[in-house]
>>> print(open('query_36.pdb').read())   # PDB, C-alpha atoms, pLDDT in the B column
ATOM      1  CA  MET A   1       0.000   0.000   0.000  1.00 35.00           C
ATOM      2  CA  SER A   2       1.326   3.416  -0.893  1.00 37.00           C
ATOM      3  CA  ILE A   3       0.467   6.965  -1.689  1.00 38.00           C
ATOM      4  CA  VAL A   4       0.728   7.841  -5.369  1.00 38.00           C
ATOM      5  CA  ARG A   5       1.436  11.500  -6.110  1.00 38.00           C
ATOM      6  CA  ARG A   6      -0.734  12.477  -9.093  1.00 40.00           C
ATOM      7  CA  SER A   7       1.155  15.566 -10.239  1.00 38.00           C
ATOM      8  CA  ASP A   8       2.953  18.755  -9.256  1.00 38.00           C
ATOM      9  CA  ILE A   9       2.406  20.637  -6.022  1.00 41.00           C
ATOM     10  CA  PHE A  10       0.046  23.089  -7.766  1.00 42.00           C
ATOM     11  CA  ASP A  11      -2.217  20.342  -9.075  1.00 45.00           C
ATOM     12  CA  PRO A  12      -5.608  20.488  -7.287  1.00 50.00           C
ATOM     13  CA  PHE A  13      -5.868  16.701  -7.482  1.00 50.00           C
ATOM     14  CA  PHE A  14      -5.199  15.378  -4.024  1.00 50.00           C
ATOM     15  CA  ASP A  15      -3.009  12.383  -3.234  1.00 50.00           C
ATOM     16  CA  LEU A  16      -4.524   9.140  -4.470  1.00 47.00           C
ATOM     17  CA  TRP A  17      -4.269   5.991  -2.427  1.00 49.00           C
ATOM     18  CA  ASP A  18      -4.058   2.931  -4.621  1.00 49.00           C
ATOM     19  CA  PRO A  19      -4.851  -0.098  -2.418  1.00 51.00           C
ATOM     20  CA  PHE A  20      -3.587  -2.482  -5.093  1.00 50.00           C
ATOM     21  CA  GLN A  21      -0.156  -0.992  -5.757  1.00 50.00           C
ATOM     22  CA  GLY A  22       2.630  -3.160  -4.408  1.00 49.00           C
ATOM     23  CA  PHE A  23       0.192  -5.858  -3.302  1.00 50.00           C
ATOM     24  CA  PRO A  24       1.644  -9.368  -3.604  1.00 48.00           C
ATOM     25  CA  PHE A  25      -0.383 -10.555  -6.587  1.00 47.00           C
ATOM     26  CA  ASP A  26       1.550 -13.832  -6.741  1.00 43.00           C
ATOM     27  CA  ALA A  27      -1.038 -15.209  -4.337  1.00 43.00           C
ATOM     28  CA  PHE A  28      -3.610 -14.640  -7.092  1.00 45.00           C
ATOM     29  CA  ARG A  29      -1.535 -16.172  -9.904  1.00 42.00           C
ATOM     30  CA  SER A  30      -3.964 -19.066 -10.478  1.00 43.00           C
ATOM     31  CA  LEU A  31      -6.916 -16.669 -10.513  1.00 45.00           C
ATOM     32  CA  ALA A  32      -5.113 -14.370 -12.948  1.00 45.00           C
ATOM     33  CA  GLU A  33      -4.374 -17.319 -15.223  1.00 47.00           C
ATOM     34  CA  THR A  34      -8.004 -18.501 -15.272  1.00 47.00           C
ATOM     35  CA  ARG A  35      -9.395 -14.961 -15.557  1.00 48.00           C
ATOM     36  CA  PRO A  36      -7.068 -12.990 -17.860  1.00 46.00           C
ATOM     37  CA  GLY A  37      -6.795  -9.350 -16.998  1.00 45.00           C
ATOM     38  CA  PHE A  38      -8.151  -9.783 -13.467  1.00 43.00           C
ATOM     39  CA  VAL A  39      -5.254  -8.053 -11.733  1.00 44.00           C
ATOM     40  CA  SER A  40      -4.890  -5.102 -14.112  1.00 44.00           C
ATOM     41  CA  ASP A  41      -8.650  -4.505 -14.415  1.00 43.00           C
ATOM     42  CA  THR A  42      -9.108  -4.494 -10.650  1.00 44.00           C
ATOM     43  CA  SER A  43      -6.263  -2.025 -10.249  1.00 46.00           C
ATOM     44  CA  ALA A  44      -7.603   0.162 -13.057  1.00 43.00           C
ATOM     45  CA  PHE A  45     -10.967   0.503 -11.320  1.00 49.00           C
ATOM     46  CA  ALA A  46      -9.134   1.806  -8.257  1.00 50.00           C
ATOM     47  CA  ASN A  47      -8.009   4.700 -10.448  1.00 62.00           C
ATOM     48  CA  THR A  48     -11.478   5.727 -11.625  1.00 79.00           C
ATOM     49  CA  ARG A  49     -11.261   8.710 -13.938  1.00 84.00           C
ATOM     50  CA  ILE A  50     -13.203  11.798 -12.963  1.00 91.00           C
ATOM     51  CA  ASP A  51     -13.752  14.978 -14.979  1.00 94.00           C
ATOM     52  CA  TRP A  52     -13.683  18.311 -13.116  1.00 95.00           C
ATOM     53  CA  LYS A  53     -15.175  21.327 -14.849  1.00 96.00           C
ATOM     54  CA  GLU A  54     -15.570  24.860 -13.497  1.00 95.00           C
ATOM     55  CA  THR A  55     -18.462  27.031 -14.628  1.00 95.00           C
ATOM     56  CA  PRO A  56     -19.215  30.580 -13.457  1.00 94.00           C
ATOM     57  CA  GLU A  57     -21.639  29.111 -10.884  1.00 95.00           C
ATOM     58  CA  ALA A  58     -20.033  25.846  -9.711  1.00 96.00           C
ATOM     59  CA  HIS A  59     -17.362  23.168  -9.804  1.00 96.00           C
ATOM     60  CA  ILE A  60     -18.805  20.050 -11.453  1.00 97.00           C
ATOM     61  CA  PHE A  61     -17.326  16.567 -11.090  1.00 96.00           C
ATOM     62  CA  LYS A  62     -18.441  13.683 -13.320  1.00 96.00           C
ATOM     63  CA  ALA A  63     -17.438  10.070 -12.803  1.00 93.00           C
ATOM     64  CA  ASP A  64     -18.340   7.162 -15.051  1.00 90.00           C
ATOM     65  CA  LEU A  65     -19.287   4.315 -12.712  1.00 89.00           C
ATOM     66  CA  PRO A  66     -20.889   1.640 -14.910  1.00 85.00           C
ATOM     67  CA  GLY A  67     -22.514  -1.159 -12.966  1.00 82.00           C
ATOM     68  CA  VAL A  68     -22.316   0.712  -9.650  1.00 87.00           C
ATOM     69  CA  ASN A  69     -25.493   1.581  -7.740  1.00 88.00           C
ATOM     70  CA  LYS A  70     -25.717   4.862  -5.840  1.00 90.00           C
ATOM     71  CA  GLU A  71     -25.885   2.820  -2.616  1.00 91.00           C
ATOM     72  CA  GLU A  72     -22.378   1.514  -3.378  1.00 90.00           C
ATOM     73  CA  VAL A  73     -20.894   5.034  -3.635  1.00 93.00           C
ATOM     74  CA  LYS A  74     -19.882   7.124  -0.624  1.00 94.00           C
ATOM     75  CA  LEU A  75     -19.470  10.872  -1.063  1.00 94.00           C
ATOM     76  CA  GLU A  76     -17.906  12.953   1.706  1.00 94.00           C
ATOM     77  CA  VAL A  77     -16.711  16.531   2.043  1.00 93.00           C
ATOM     78  CA  GLU A  78     -14.319  17.717   4.714  1.00 90.00           C
ATOM     79  CA  GLU A  79     -15.338  21.307   5.287  1.00 83.00           C
ATOM     80  CA  GLU A  80     -12.264  22.464   7.222  1.00 85.00           C
ATOM     81  CA  GLY A  81      -9.708  21.252   4.663  1.00 85.00           C
ATOM     82  CA  ARG A  82     -12.060  21.640   1.655  1.00 90.00           C
ATOM     83  CA  VAL A  83     -11.535  18.045   0.547  1.00 93.00           C
ATOM     84  CA  LEU A  84     -14.081  16.163  -1.575  1.00 94.00           C
ATOM     85  CA  GLN A  85     -13.844  12.359  -1.375  1.00 93.00           C
ATOM     86  CA  ILE A  86     -15.580   9.904  -3.688  1.00 93.00           C
ATOM     87  CA  CYS A  87     -15.222   6.211  -2.923  1.00 91.00           C
ATOM     88  CA  GLY A  88     -17.054   2.951  -3.414  1.00 90.00           C
ATOM     89  CA  GLU A  89     -16.856  -0.546  -4.771  1.00 86.00           C
ATOM     90  CA  ARG A  90     -18.219  -2.524  -7.672  1.00 81.00           C
ATOM     91  CA  SER A  91     -18.576  -6.181  -6.795  1.00 78.00           C
ATOM     92  CA  ARG A  92     -17.222  -8.903  -8.997  1.00 76.00           C
ATOM     93  CA  GLU A  93     -19.737 -11.088 -10.767  1.00 74.00           C
ATOM     94  CA  LYS A  94     -20.515 -14.257  -8.831  1.00 77.00           C
ATOM     95  CA  GLU A  95     -18.582 -17.201 -10.235  1.00 75.00           C
ATOM     96  CA  GLU A  96     -20.262 -20.547 -10.642  1.00 79.00           C
ATOM     97  CA  LYS A  97     -18.268 -23.776 -10.393  1.00 80.00           C
ATOM     98  CA  ASN A  98     -18.906 -24.736 -14.019  1.00 84.00           C
ATOM     99  CA  ASP A  99     -18.189 -21.282 -15.493  1.00 84.00           C
ATOM    100  CA  LYS A 100     -15.378 -20.981 -17.995  1.00 84.00           C
ATOM    101  CA  TRP A 101     -14.110 -17.428 -18.465  1.00 79.00           C
ATOM    102  CA  HIS A 102     -12.805 -16.517 -21.918  1.00 83.00           C
ATOM    103  CA  ARG A 103     -12.208 -12.823 -21.285  1.00 81.00           C
ATOM    104  CA  VAL A 104     -12.600 -10.378 -18.404  1.00 76.00           C
ATOM    105  CA  GLU A 105     -12.531  -6.702 -19.384  1.00 76.00           C
ATOM    106  CA  ARG A 106     -15.056  -5.106 -17.036  1.00 74.00           C
ATOM    107  CA  ASN A 107     -13.551  -3.498 -13.961  1.00 72.00           C
ATOM    108  CA  SER A 108     -14.368  -4.419 -10.398  1.00 77.00           C
ATOM    109  CA  GLY A 109     -13.001  -3.528  -6.991  1.00 82.00           C
ATOM    110  CA  LYS A 110     -12.714  -0.500  -4.758  1.00 87.00           C
ATOM    111  CA  PHE A 111     -12.054   3.052  -5.813  1.00 87.00           C
ATOM    112  CA  LEU A 112     -11.131   6.196  -3.916  1.00 89.00           C
ATOM    113  CA  ARG A 113     -10.529   9.693  -5.252  1.00 90.00           C
ATOM    114  CA  ARG A 114      -9.893  12.868  -3.246  1.00 92.00           C
ATOM    115  CA  PHE A 115      -9.882  16.457  -4.497  1.00 93.00           C
ATOM    116  CA  ARG A 116      -8.778  19.607  -2.689  1.00 94.00           C
ATOM    117  CA  LEU A 117     -11.412  22.216  -3.505  1.00 94.00           C
ATOM    118  CA  PRO A 118     -10.481  25.864  -4.126  1.00 92.00           C
ATOM    119  CA  GLU A 119     -11.311  28.678  -1.721  1.00 90.00           C
ATOM    120  CA  ASN A 120     -14.405  29.686  -3.687  1.00 91.00           C
ATOM    121  CA  ALA A 121     -16.156  26.322  -3.116  1.00 93.00           C
ATOM    122  CA  LYS A 122     -19.267  26.329  -0.935  1.00 93.00           C
ATOM    123  CA  VAL A 123     -18.471  22.993   0.705  1.00 91.00           C
ATOM    124  CA  GLY A 124     -21.608  23.100   2.836  1.00 91.00           C
ATOM    125  CA  GLN A 125     -23.873  23.072  -0.235  1.00 94.00           C
ATOM    126  CA  VAL A 126     -22.570  20.103  -2.249  1.00 95.00           C
ATOM    127  CA  LYS A 127     -25.193  18.191  -4.255  1.00 96.00           C
ATOM    128  CA  ALA A 128     -24.892  14.883  -6.077  1.00 96.00           C
ATOM    129  CA  SER A 129     -26.959  12.783  -8.458  1.00 96.00           C
ATOM    130  CA  MET A 130     -26.433   9.530 -10.299  1.00 95.00           C
ATOM    131  CA  GLU A 131     -28.031   8.695 -13.621  1.00 94.00           C
ATOM    132  CA  ASN A 132     -27.193   5.963 -16.144  1.00 92.00           C
ATOM    133  CA  GLY A 133     -23.961   5.085 -14.322  1.00 90.00           C
ATOM    134  CA  VAL A 134     -22.667   8.670 -14.233  1.00 94.00           C
ATOM    135  CA  LEU A 135     -22.142  10.333 -10.850  1.00 96.00           C
ATOM    136  CA  THR A 136     -22.430  14.131 -11.008  1.00 97.00           C
ATOM    137  CA  VAL A 137     -21.261  16.173  -8.016  1.00 97.00           C
ATOM    138  CA  THR A 138     -21.975  19.904  -8.024  1.00 97.00           C
ATOM    139  CA  VAL A 139     -20.106  22.222  -5.661  1.00 96.00           C
ATOM    140  CA  PRO A 140     -21.511  25.776  -5.845  1.00 96.00           C
ATOM    141  CA  LYS A 141     -19.081  28.687  -5.916  1.00 94.00           C
ATOM    142  CA  GLU A 142     -19.008  31.853  -3.869  1.00 89.00           C
ATOM    143  CA  GLU A 143     -17.181  35.081  -4.505  1.00 82.00           C
ATOM    144  CA  VAL A 144     -13.860  35.097  -2.708  1.00 73.00           C
ATOM    145  CA  LYS A 145     -13.362  38.305  -0.813  1.00 74.00           C
ATOM    146  CA  LYS A 146     -10.047  39.912  -1.709  1.00 75.00           C
ATOM    147  CA  SER A 147      -8.088  41.287   1.212  1.00 76.00           C
ATOM    148  CA  ASP A 148      -7.657  45.038   1.458  1.00 81.00           C
ATOM    149  CA  VAL A 149      -4.189  46.373   0.738  1.00 85.00           C
ATOM    150  CA  LYS A 150      -3.052  49.266   2.911  1.00 86.00           C
ATOM    151  CA  SER A 151      -0.026  51.391   2.082  1.00 87.00           C
ATOM    152  CA  ILE A 152       2.404  51.931   4.934  1.00 88.00           C
ATOM    153  CA  GLU A 153       4.438  55.102   5.082  1.00 88.00           C
ATOM    154  CA  ILE A 154       8.128  54.566   5.696  1.00 90.00           C
ATOM    155  CA  SER A 155       9.741  56.926   8.194  1.00 89.00           C
ATOM    156  CA  GLY A 156      13.408  57.897   8.438  1.00 84.00           C
ATOM    157  CA  ASN A 157      15.996  59.649   6.282  1.00 75.00           C
TER     158      ASN A 157
END
>>> encode(input="query_36.pdb", output="structure tokens")
Amino acid sequence: MSIVRRSDIFDPFFDLWDPFQGFPFDAFRSLAETRPGFVSDTSAFANTRIDWKETPEAHIFKADLPGVNKEEVKLEVEEEGRVLQICGERSREKEEKNDKWHRVERNSGKFLRRFRLPENAKVGQVKASMENGVLTVTVPKEEVKKSDVKSIEISGN
């Protein structure tokens, strides 16, 4: 388990925890052989891609979560640190004893994404909806008050 740094210090994307990175997948070698792509697909779902768009009124996040019900998604906002967290899990399809897998391309597993919101985000008024496997999170914006600048007279010679 490790923290994966997504980008530069100025990137608003928060640190991403990938629960599958560095995990000893050798224990799953037989499963990976019978279900090709199991390991990489599970890891890929942990890195769910999310679009972040800013409009004049709000910050809008959209995540494609095919096969995930809204009950399987947890959305949290930390007001003090202005951090938005989206996490959840899509369960693997139940395997029957007589099933023979030819290909596995659909993702399953846990996902977790965190975003540090800018100062103009109204973190107390976040709204979310889920339709056709797309999670939409809307964070309204407020006008950030600019601090007053006061000139100071310098005394002396």
>>> residues_around(input="query_36.pdb", residues="stretch 130-146 of chain A", least_positions_apart="5", cutoff="6 Å", atoms="only C-alpha atoms", output="JSON list (two decimals) with C-alpha atoms, keeping the file's coordinate frame")
[["chain", "number", "residue", "atom", "x", "y", "z"],
["A", 57, "GLU", "CA", -21.64, 29.11, -10.88],
["A", 58, "ALA", "CA", -20.03, 25.85, -9.71],
["A", 59, "HIS", "CA", -17.36, 23.17, -9.80],
["A", 60, "ILE", "CA", -18.80, 20.05, -11.45],
["A", 61, "PHE", "CA", -17.33, 16.57, -11.09],
["A", 62, "LYS", "CA", -18.44, 13.68, -13.32],
["A", 63, "ALA", "CA", -17.44, 10.07, -12.80],
["A", 64, "ASP", "CA", -18.34, 7.16, -15.05],
["A", 65, "LEU", "CA", -19.29, 4.32, -12.71],
["A", 66, "PRO", "CA", -20.89, 1.64, -14.91],
["A", 120, "ASN", "CA", -14.40, 29.69, -3.69],
["A", 121, "ALA", "CA", -16.16, 26.32, -3.12],
["A", 122, "LYS", "CA", -19.27, 26.33, -0.94]]
>>> resolve_selection(input="query_36.pdb", expression="the PyMOL selection byres ((chain A and resi 111) around 6)", output="PyMOL selection string")
chain A and resi 46+87-88+110+112
>>> write_last_selection(input="query_36.pdb", atoms="C-alpha atoms", output="PDB file, in the coordinates of the input")
ATOM      1  CA  ALA A  46      -9.134   1.806  -8.257  1.00 50.00           C
ATOM      2  CA  CYS A  87     -15.222   6.211  -2.923  1.00 91.00           C
ATOM      3  CA  GLY A  88     -17.054   2.951  -3.414  1.00 90.00           C
ATOM      4  CA  LYS A 110     -12.714  -0.500  -4.758  1.00 87.00           C
ATOM      5  CA  LEU A 112     -11.131   6.196  -3.916  1.00 89.00           C
TER       6      LEU A 112
END
>>> atom_distance(input="query_36.pdb", atom1="atom CA of A:Ile50", atom2="atom CA of A:Val68")
14.7 Å
>>> closest_residue(input="query_36.pdb", among="A:Ile154, A:Ser129, A:Val83, A:Glu96", to="A:Asn69", atoms="only C-alpha atoms")
A:Ser129
>>> atom_distance(input="query_36.pdb", atom1="atom CA of A:Glu78", atom2="atom CA of A:Val123")
7.8 Å
>>> residues_around(input="query_36.pdb", residues="A:Glu76", least_positions_apart="4", cutoff="7 Å", atoms="only C-alpha atoms", output="PyMOL selection string")
chain A and resi 84-86
>>> resolve_selection(input="query_36.pdb", expression="the PyMOL selection byres ((chain A and resi 92) around 6)", output="compact mmCIF listing (two decimals) with C-alpha atoms, in the frame of the given file")
# COMPACT_ATOMS: atom_id res chain seq x y z
CA SER A 91 -18.58 -6.18 -6.80
CA GLU A 93 -19.74 -11.09 -10.77
CA SER A 108 -14.37 -4.42 -10.40
>>> atom_distance(input="query_36.pdb", atom1="atom CA of A:Arg106", atom2="atom CA of A:Arg90")
10.2 Å
>>> closest_residue(input="query_36.pdb", among="A:Arg49, A:Ser147, A:Thr55, A:His102", to="A:Arg114", atoms="all atoms listed in the file")
A:Arg49
>>> axis_aligned_box(input="query_36.pdb", around="stretch 58-69 of chain A", padding_each_side="4 Å", output="lines of an AutoDock Vina configuration file")
center_x = -21.4
center_y = 12.3
center_z = -11.4
size_x = 16.2
size_y = 35.0
size_z = 15.3
